[in-house]
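Everything below concerns the one structure shown next.
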Amino acid sequence: MTGDCALLAIETSCDETAAAVVVNGREVRSNVIASQVAAHRRFGGVVPEIASRRHLEAIVPVVEAALGEAGLGFKDLDGVAVTYGPGLAGALLVGLSYAKAVAYALRRPLIGVHHLLGHIYAAFLEYPGLELPAVCLVVSGGHTHLIYLRDHVRRRILGSSRDDAAGEAFDKVARALGLGYPGGPHLERLAAAGDPHALHFPRAWLEEGSFDFSFSGVKTAVLNYLKQQSGEEEGRLADIAAGFQAAVVEVLVTKTVRAAKEYGVKTILAVGGVAANTALRRALAAGAEEEGLMALFPRPAFCTDNAAMIGCAAYYQYLRRDFAPLSLDACPNLPLR
Ligand code: KG4
Ligand code: ZN
């Protein structure tokens with residue numbers, strides 16, 4: 001494979017065991033995901049101990065499937081990329097230990113990838129010609145950040161959630177509404193049947209000019225409303241879901257568009273699990289268009305956790321020879337710099 005760079009990418013930071021083969025940072029030869037959702041559902045959230053065990057059972061077959069689908073063997077790989085944080089310690093360790101063993105055995109470089117950088121690079125998988133600078137909204141189950149991406153090395157975090165991540169708020173409200181786990185997609189479906197203007201829930205704008213977010217207020221407002229209204233008919237629940245979603249989306253869109261204008265960029269990216277949300281995608285696309293900007297989103301399967309995005313982010317590190325030592329440790333709270 002002269003000139004080409006084939007990376008095996010592994011992602012086990014939460015409840016998906018994922019492996020992918022990505023060539024030259026763009027060509028997704030395979031993208032395999034073993035979801036553990038069913039194992040955690042009856043607990044209403046991810047149980048770390050169960051996640052680690054499931055990763056351990058799944059990692060070998062998932063990697064074999066990824067190589068098989070790509071039509072490559074271990075020897076064809078130019079490097080091994082792996083998420084080393086942030087995430088659940090025991091879950092990260094499974095992917096990391098496996099990746100280290102493969103890198104050591106093959107004598108190929110190990111590339112440690114930040115999970116959120118992976119989410120950001122999902123946009124480059126979707127739009128191979130994408131150019132920076134851009135402003136990127138990262139909205140996942142554990143994180144909410146607004147980031148100015150100047151180039152592939154320099155970036156600046158403009159704002160973050162001060163309390164619940166956007167996805168966390170979706171999941172908690174969904175749970176209170178009696179919806180299944182994980183709540184975001186269920187809440188989106190219920191909201192589609194409701195009127196987003198029927199109920200008004202608070203928007204936390206914070207200090208003037210701030211790009212930070214806060215979603216615990218709107219979440220609590222919904223929970224309090226539900227308590228007062230016990231015995232509600234079904235239709236009202238859809239209005240509650242729609243009202244909550246509208247409040248979250250309005251703040252996300254307003255701040256993201258304002259950041260893009262302030263930093264003089266033409267391109268807005270929205271990535272992470274919550275970026276799979278249709279209401280957010282529509283509102284951000286419309287808000288951007290009003291200002292003559294372009295909002296881009298990875299397809300939903302690249303928004304939620306996957307290993308292809310890790311392989312794409314790793315490619316840029318590979319080009320810079322930003323390799324990790326085999327002593328690389330899992331970093332559950334790895335900050336994004
Ligand atoms: O990025 P992700 O797959 O995992 C983390 O890194 O956290 O994000 C998962 C989060 C969950 O909170 C899930 O409920 C939310 O993304 N999510 C959604 C939708 N799809 C996934 N939230 C709202 N609407 C959706 N369609
Ligand atoms: Zn994620």
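Chain identifiers are assigned as A, B, and so on, following the order in which chains appear in the structure tokens; residues are numbered from 1 within each chain, and ligands are numbered from 1 in order of appearance.
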
- [ ] Considering only C-alpha atoms, return as a VMD selection string whatever protein or nucleic-acid residues lie within 12 Å of Ala101 (chain A), sequence-local ones (same chain, fewer than 4 positions apart) excluded.
- [x] chain A and resid 60 74 79 to 82 93 to 97 105 to 110 326 to 328

Give one line per residue of chain A that approaches ligand 2 to at most 10 Å, naming the two atoms of the closest pair and their distance in Å to one decimal, counting only C-alpha atoms and all ligand atoms; sort by chain then ascending residue number and deliver it as a tab-separated table.
residue	atom	partner	partner_atom_place_in_ligand_line	distance
A:Glu11	CA	ligand 2	1 (Zn)	9.4
A:Thr12	CA	ligand 2	1 (Zn)	9.9
A:Ser13	CA	ligand 2	1 (Zn)	7.8
A:Cys14	CA	ligand 2	1 (Zn)	7.7
A:Asp15	CA	ligand 2	1 (Zn)	9.6
A:Glu16	CA	ligand 2	1 (Zn)	9.5
A:Pro86	CA	ligand 2	1 (Zn)	9.2
A:Gly87	CA	ligand 2	1 (Zn)	8.6
A:His115	CA	ligand 2	1 (Zn)	6.4
A:Leu116	CA	ligand 2	1 (Zn)	6.7
A:Leu117	CA	ligand 2	1 (Zn)	9.7
A:Gly118	CA	ligand 2	1 (Zn)	8.1
A:His119	CA	ligand 2	1 (Zn)	6.5
A:Val138	CA	ligand 2	1 (Zn)	9.4
A:Val139	CA	ligand 2	1 (Zn)	8.6
A:Ser140	CA	ligand 2	1 (Zn)	5.7
A:Gly141	CA	ligand 2	1 (Zn)	6.8
A:Gly142	CA	ligand 2	1 (Zn)	7.4
A:His143	CA	ligand 2	1 (Zn)	8.3
A:Val271	CA	ligand 2	1 (Zn)	9.3
A:Gly272	CA	ligand 2	1 (Zn)	5.9
A:Gly273	CA	ligand 2	1 (Zn)	6.5
A:Val274	CA	ligand 2	1 (Zn)	9.7
A:Phe302	CA	ligand 2	1 (Zn)	10.0
A:Cys303	CA	ligand 2	1 (Zn)	8.0
A:Thr304	CA	ligand 2	1 (Zn)	6.1
A:Asp305	CA	ligand 2	1 (Zn)	4.6
A:Asn306	CA	ligand 2	1 (Zn)	7.9

Dump as a compact mmCIF listing (two decimals), in the first residue's frame, selection limited to N, CA, C and O atoms:
# COMPACT_ATOMS: atom_id res chain seq x y z
N GLU A 11 -12.37 2.37 19.43
CA GLU A 11 -13.07 3.31 20.33
C GLU A 11 -13.88 2.49 21.35
O GLU A 11 -14.77 1.73 20.97
N THR A 12 -13.51 2.65 22.63
CA THR A 12 -14.26 1.95 23.70
C THR A 12 -14.45 2.86 24.91
O THR A 12 -14.36 2.41 26.04
N SER A 13 -14.73 4.16 24.65
CA SER A 13 -14.76 5.08 25.81
C SER A 13 -16.03 4.98 26.63
O SER A 13 -16.05 5.36 27.80
N CYS A 14 -17.11 4.47 26.03
CA CYS A 14 -18.37 4.42 26.78
C CYS A 14 -19.05 3.07 26.58
O CYS A 14 -18.53 2.06 27.03
N ASP A 15 -20.17 3.05 25.88
CA ASP A 15 -20.92 1.80 25.78
C ASP A 15 -20.98 1.22 24.37
O ASP A 15 -21.84 0.38 24.09
N GLU A 16 -20.07 1.65 23.49
CA GLU A 16 -20.01 1.03 22.16
C GLU A 16 -18.60 0.49 21.97
O GLU A 16 -17.63 1.23 22.16
N PRO A 86 -11.55 11.51 26.88
CA PRO A 86 -12.12 11.16 28.18
C PRO A 86 -13.12 10.02 28.03
O PRO A 86 -13.49 9.67 26.92
N GLY A 87 -13.52 9.45 29.15
CA GLY A 87 -14.47 8.34 29.12
C GLY A 87 -14.38 7.55 30.42
O GLY A 87 -13.75 7.99 31.39
N HIS A 115 -11.25 11.72 22.49
CA HIS A 115 -12.59 11.33 22.02
C HIS A 115 -13.32 12.49 21.31
O HIS A 115 -13.97 12.30 20.27
N LEU A 116 -13.24 13.68 21.88
CA LEU A 116 -13.97 14.81 21.29
C LEU A 116 -13.36 15.27 19.98
O LEU A 116 -14.07 15.75 19.09
N LEU A 117 -12.04 15.12 19.83
CA LEU A 117 -11.41 15.42 18.53
C LEU A 117 -11.96 14.46 17.50
O LEU A 117 -12.19 14.83 16.34
N GLY A 118 -12.16 13.22 17.92
CA GLY A 118 -12.79 12.23 17.03
C GLY A 118 -14.14 12.74 16.56
O GLY A 118 -14.41 12.78 15.35
N HIS A 119 -14.97 13.20 17.50
CA HIS A 119 -16.29 13.73 17.10
C HIS A 119 -16.13 14.85 16.09
O HIS A 119 -16.87 14.94 15.10
N VAL A 138 -19.80 21.00 19.71
CA VAL A 138 -19.68 19.58 20.07
C VAL A 138 -20.73 19.29 21.13
O VAL A 138 -20.67 19.83 22.24
N VAL A 139 -21.71 18.47 20.77
CA VAL A 139 -22.79 18.17 21.72
C VAL A 139 -22.95 16.66 21.85
O VAL A 139 -23.46 15.99 20.96
N SER A 140 -22.46 16.13 22.97
CA SER A 140 -22.55 14.68 23.17
C SER A 140 -23.24 14.40 24.49
O SER A 140 -23.80 15.29 25.12
N GLY A 141 -23.17 13.14 24.92
CA GLY A 141 -23.80 12.77 26.18
C GLY A 141 -23.03 13.32 27.37
O GLY A 141 -23.59 13.59 28.43
N GLY A 142 -21.73 13.49 27.20
CA GLY A 142 -20.90 13.91 28.33
C GLY A 142 -20.35 15.32 28.21
O GLY A 142 -19.82 15.86 29.18
N HIS A 143 -20.42 15.92 27.00
CA HIS A 143 -19.76 17.21 26.79
C HIS A 143 -20.56 18.14 25.91
O HIS A 143 -21.26 17.71 25.00
N VAL A 271 -21.36 18.50 15.78
CA VAL A 271 -20.96 17.09 15.86
C VAL A 271 -21.32 16.51 17.23
O VAL A 271 -21.66 17.25 18.14
N GLY A 272 -21.21 15.19 17.38
CA GLY A 272 -21.55 14.51 18.63
C GLY A 272 -22.98 13.99 18.57
O GLY A 272 -23.75 14.39 17.69
N GLY A 273 -23.32 13.12 19.50
CA GLY A 273 -24.61 12.43 19.46
C GLY A 273 -25.82 13.34 19.28
O GLY A 273 -26.72 13.04 18.50
N VAL A 274 -25.84 14.47 19.97
CA VAL A 274 -27.01 15.36 19.90
C VAL A 274 -27.11 16.03 18.53
O VAL A 274 -28.19 16.46 18.12
N PHE A 302 -22.30 8.97 12.01
CA PHE A 302 -20.98 9.52 12.33
C PHE A 302 -21.07 10.52 13.49
O PHE A 302 -20.05 10.96 14.00
N CYS A 303 -22.30 10.91 13.87
CA CYS A 303 -22.47 11.81 15.03
C CYS A 303 -22.31 11.04 16.32
O CYS A 303 -21.62 11.47 17.25
N THR A 304 -22.98 9.89 16.42
CA THR A 304 -22.88 9.09 17.63
C THR A 304 -21.55 8.33 17.62
O THR A 304 -20.85 8.30 16.60
N ASP A 305 -21.19 7.77 18.76
CA ASP A 305 -19.85 7.17 18.90
C ASP A 305 -19.57 6.11 17.83
O ASP A 305 -20.39 5.23 17.57
N ASN A 306 -18.38 6.22 17.24
CA ASN A 306 -17.94 5.26 16.22
C ASN A 306 -16.42 5.34 16.15
O ASN A 306 -15.81 6.25 16.73

TODO: Considering only C-alpha atoms, return as JSON, numbers by chain whatever protein or nucleic-acid residues lie within 8 Å of Thr256 (chain A), sequence-local ones (same chain, fewer than 5 positions apart) excluded.
DONE: {"A": [135, 136, 137, 146, 268]}

- [ ] Based on DSSP run over this structure's backbone, return all residues of region 95-296 of chain A in alpha helix (DSSP H), as JSON, numbers by chain.
- [x] {"A": [95, 96, 97, 98, 99, 100, 101, 102, 103, 104, 105, 106, 115, 116, 117, 118, 119, 120, 121, 122, 123, 124, 125, 126, 166, 167, 168, 169, 170, 171, 172, 173, 174, 175, 176, 183, 184, 185, 186, 187, 188, 189, 190, 191, 192, 216, 217, 218, 219, 220, 221, 222, 223, 224, 225, 226, 227, 228, 234, 235, 236, 237, 238, 239, 240, 241, 242, 243, 244, 245, 246, 247, 248, 249, 250, 251, 252, 253, 254, 255, 256, 257, 258, 259, 260, 261, 262, 278, 279, 280, 281, 282, 283, 284, 285, 286, 287, 288, 289, 290]}

- [ ] For region 319-321 of chain A, please output as number ranges by chain all residues within 12 Å (counting only C-alpha atoms; exclusion window: fewer than 3 positions along the same chain).
- [x] A: 3-5, 7, 24-25, 78-79, 108-112, 152-153, 312-316, 324-325

Restricting it to N, CA, C and O atoms, dump the selection as a PDB file, in the first residue's frame.
ATOM      1  N   GLY A   3       2.506   4.672  -0.127  1.00  0.00           N
ATOM      2  CA  GLY A   3       1.943   6.010  -0.151  1.00  0.00           C
ATOM      3  C   GLY A   3       0.655   6.132   0.626  1.00  0.00           C
ATOM      4  O   GLY A   3       0.360   7.178   1.177  1.00  0.00           O
ATOM      5  N   ASP A   4      -0.113   5.047   0.698  1.00  0.00           N
ATOM      6  CA  ASP A   4      -1.363   5.111   1.440  1.00  0.00           C
ATOM      7  C   ASP A   4      -1.120   4.849   2.918  1.00  0.00           C
ATOM      8  O   ASP A   4      -0.164   4.188   3.287  1.00  0.00           O
ATOM      9  N   CYS A   5      -2.030   5.402   3.735  1.00  0.00           N
ATOM     10  CA  CYS A   5      -1.924   5.196   5.176  1.00  0.00           C
ATOM     11  C   CYS A   5      -3.196   4.513   5.651  1.00  0.00           C
ATOM     12  O   CYS A   5      -4.266   5.116   5.667  1.00  0.00           O
ATOM     13  N   LEU A   7      -5.115   2.999   8.705  1.00  0.00           N
ATOM     14  CA  LEU A   7      -5.115   2.956  10.173  1.00  0.00           C
ATOM     15  C   LEU A   7      -6.260   2.087  10.685  1.00  0.00           C
ATOM     16  O   LEU A   7      -7.385   2.174  10.186  1.00  0.00           O
ATOM     17  N   ASN A  24      -6.071   6.918   4.525  1.00  0.00           N
ATOM     18  CA  ASN A  24      -5.773   8.335   4.240  1.00  0.00           C
ATOM     19  C   ASN A  24      -6.765   9.292   4.899  1.00  0.00           C
ATOM     20  O   ASN A  24      -7.081  10.350   4.359  1.00  0.00           O
ATOM     21  N   GLY A  25      -7.260   8.916   6.050  1.00  0.00           N
ATOM     22  CA  GLY A  25      -8.094   9.811   6.843  1.00  0.00           C
ATOM     23  C   GLY A  25      -9.501  10.038   6.321  1.00  0.00           C
ATOM     24  O   GLY A  25     -10.289  10.717   6.970  1.00  0.00           O
ATOM     25  N   ASP A  78      -0.741   0.635   8.843  1.00  0.00           N
ATOM     26  CA  ASP A  78       0.374   1.564   9.029  1.00  0.00           C
ATOM     27  C   ASP A  78       0.413   2.133  10.437  1.00  0.00           C
ATOM     28  O   ASP A  78       1.363   2.819  10.806  1.00  0.00           O
ATOM     29  N   GLY A  79      -0.642   1.897  11.208  1.00  0.00           N
ATOM     30  CA  GLY A  79      -0.674   2.405  12.568  1.00  0.00           C
ATOM     31  C   GLY A  79      -1.960   1.974  13.252  1.00  0.00           C
ATOM     32  O   GLY A  79      -2.894   1.504  12.595  1.00  0.00           O
ATOM     33  N   ARG A 108       4.232  -0.986  14.722  1.00  0.00           N
ATOM     34  CA  ARG A 108       3.657   0.162  14.038  1.00  0.00           C
ATOM     35  C   ARG A 108       3.326   1.225  15.091  1.00  0.00           C
ATOM     36  O   ARG A 108       3.124   0.897  16.260  1.00  0.00           O
ATOM     37  N   PRO A 109       3.250   2.492  14.698  1.00  0.00           N
ATOM     38  CA  PRO A 109       2.970   3.533  15.690  1.00  0.00           C
ATOM     39  C   PRO A 109       1.584   3.412  16.330  1.00  0.00           C
ATOM     40  O   PRO A 109       0.621   2.994  15.677  1.00  0.00           O
ATOM     41  N   LEU A 110       1.556   3.810  17.611  1.00  0.00           N
ATOM     42  CA  LEU A 110       0.302   3.901  18.356  1.00  0.00           C
ATOM     43  C   LEU A 110      -0.098   5.376  18.346  1.00  0.00           C
ATOM     44  O   LEU A 110       0.729   6.253  18.585  1.00  0.00           O
ATOM     45  N   ILE A 111      -1.347   5.654  18.039  1.00  0.00           N
ATOM     46  CA  ILE A 111      -1.818   7.040  17.990  1.00  0.00           C
ATOM     47  C   ILE A 111      -2.945   7.191  19.006  1.00  0.00           C
ATOM     48  O   ILE A 111      -3.995   6.566  18.871  1.00  0.00           O
ATOM     49  N   GLY A 112      -2.712   7.994  20.031  1.00  0.00           N
ATOM     50  CA  GLY A 112      -3.720   8.220  21.076  1.00  0.00           C
ATOM     51  C   GLY A 112      -4.606   9.389  20.672  1.00  0.00           C
ATOM     52  O   GLY A 112      -4.117  10.485  20.407  1.00  0.00           O
ATOM     53  N   HIS A 152      -5.648  22.574  11.845  1.00  0.00           N
ATOM     54  CA  HIS A 152      -5.692  21.241  12.437  1.00  0.00           C
ATOM     55  C   HIS A 152      -4.911  21.136  13.750  1.00  0.00           C
ATOM     56  O   HIS A 152      -4.964  20.120  14.429  1.00  0.00           O
ATOM     57  N   VAL A 153      -4.205  22.183  14.123  1.00  0.00           N
ATOM     58  CA  VAL A 153      -3.415  22.141  15.362  1.00  0.00           C
ATOM     59  C   VAL A 153      -3.918  23.169  16.373  1.00  0.00           C
ATOM     60  O   VAL A 153      -4.006  22.894  17.564  1.00  0.00           O
ATOM     61  N   CYS A 312     -10.073   9.099  11.417  1.00  0.00           N
ATOM     62  CA  CYS A 312      -9.895  10.339  10.666  1.00  0.00           C
ATOM     63  C   CYS A 312      -9.048  11.328  11.468  1.00  0.00           C
ATOM     64  O   CYS A 312      -8.080  11.905  10.953  1.00  0.00           O
ATOM     65  N   ALA A 313      -9.387  11.515  12.745  1.00  0.00           N
ATOM     66  CA  ALA A 313      -8.593  12.424  13.595  1.00  0.00           C
ATOM     67  C   ALA A 313      -7.147  11.940  13.680  1.00  0.00           C
ATOM     68  O   ALA A 313      -6.201  12.734  13.629  1.00  0.00           O
ATOM     69  N   ALA A 314      -6.978  10.624  13.790  1.00  0.00           N
ATOM     70  CA  ALA A 314      -5.640  10.043  13.944  1.00  0.00           C
ATOM     71  C   ALA A 314      -4.768  10.281  12.716  1.00  0.00           C
ATOM     72  O   ALA A 314      -3.544  10.389  12.823  1.00  0.00           O
ATOM     73  N   TYR A 315      -5.397  10.369  11.556  1.00  0.00           N
ATOM     74  CA  TYR A 315      -4.626  10.561  10.326  1.00  0.00           C
ATOM     75  C   TYR A 315      -3.808  11.855  10.384  1.00  0.00           C
ATOM     76  O   TYR A 315      -2.658  11.898   9.978  1.00  0.00           O
ATOM     77  N   TYR A 316      -4.429  12.924  10.924  1.00  0.00           N
ATOM     78  CA  TYR A 316      -3.703  14.204  11.022  1.00  0.00           C
ATOM     79  C   TYR A 316      -2.553  14.094  12.016  1.00  0.00           C
ATOM     80  O   TYR A 316      -1.505  14.711  11.826  1.00  0.00           O
ATOM     81  N   ALA A 324       2.141   8.017  20.188  1.00  0.00           N
ATOM     82  CA  ALA A 324       2.134   7.850  21.645  1.00  0.00           C
ATOM     83  C   ALA A 324       3.096   6.738  22.031  1.00  0.00           C
ATOM     84  O   ALA A 324       3.278   5.775  21.281  1.00  0.00           O
ATOM     85  N   PRO A 325       3.702   6.860  23.210  1.00  0.00           N
ATOM     86  CA  PRO A 325       4.532   5.761  23.698  1.00  0.00           C
ATOM     87  C   PRO A 325       3.638   4.606  24.135  1.00  0.00           C
ATOM     88  O   PRO A 325       2.447   4.807  24.409  1.00  0.00           O
TER      89      PRO A 325
END

Task: Backbone-only DSSP, strand (DSSP E) members of region 79-203 of chain A, as a ChimeraX atom specification - done: /A:79-85,110-114,134-139,144-149,155-160

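Take the candidates A:Pro298, A:Pro61, A:Pro128, A:Gly209 and check each one against ligand 1 using only C-alpha atoms and all ligand atoms; the shortest distance goes to A:Pro298.
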
TODO: Mind checking which residues fall within 8 Å of Ala285 (chain A), counting only C-alpha atoms, ignoring those fewer than 4 positions away in the same chain, and posting them as a PyMOL selection string?
DONE: chain A and resi 281+289+294-296

- [ ] Work out how far CA of Ala51 (chain A) is from CA of Ala169 (chain A), in Å to one decimal.
- [x]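 Interatomic distance, CA of Ala169 (chain A) to CA of Ala51 (chain A): 21.6 Å.
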
List as a PDB file with C-alpha atoms, in the first residue's frame the protein and nucleic acid residues near Ala198 (chain A), meaning an atom at most 10 Å away when only C-alpha atoms are counted, but skip any in the same chain fewer than 5 places from it.
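File written: around-v7.pdb
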ATOM      1  CA  ARG A 236     -49.312  17.013  26.777  1.00  0.00           C
ATOM      2  CA  ALA A 238     -45.402  15.522  23.432  1.00  0.00           C
ATOM      3  CA  ASP A 239     -45.777  19.272  24.039  1.00  0.00           C
ATOM      4  CA  ILE A 240     -43.430  19.032  27.024  1.00  0.00           C
ATOM      5  CA  ALA A 242     -41.201  19.681  22.099  1.00  0.00           C
ATOM      6  CA  GLY A 243     -40.981  22.658  24.470  1.00  0.00           C
TER       7      GLY A 243
END

Open item on the list: I'd like the neighbourhood of Trp205 (chain A) as number ranges by chain, where a residue qualifies if any of its atoms comes within 9 Å (using only C-alpha atoms), though same-chain residues fewer than 3 positions away should be ignored.
Closed with: A: 208-214, 251, 255

Open item on the list: Using Å and a single decimal, report how far CA of Asp329 (chain A) sits from CA of Ala103 (chain A).
Closed with: 14.6 Å

TODO: Measure the distance from CA of Leu56 (chain A) to CA of Tyr98 (chain A) in Å and round it to one decimal.
DONE: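 About the pair CA of Leu56 (chain A) and CA of Tyr98 (chain A): they are 9.4 Å apart.
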
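When only C-alpha atoms are used to measure the gap to Tyr318 (chain A), the shortest distance among A:Val23, A:Ala260, A:Leu132, A:Ala70 belongs to A:Val23.
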
Task: Among listed residues A:Ser230, A:Arg154, A:Ala246, A:Arg162, nearest Ala192 (chain A) (using only C-alpha atoms) - done: A:Ala246

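Considering only C-alpha atoms and all ligand atoms, the residue among A:Leu280, A:Val28, A:Ile310, A:Ala286 positioned nearest to ligand 1 is A:Leu280.
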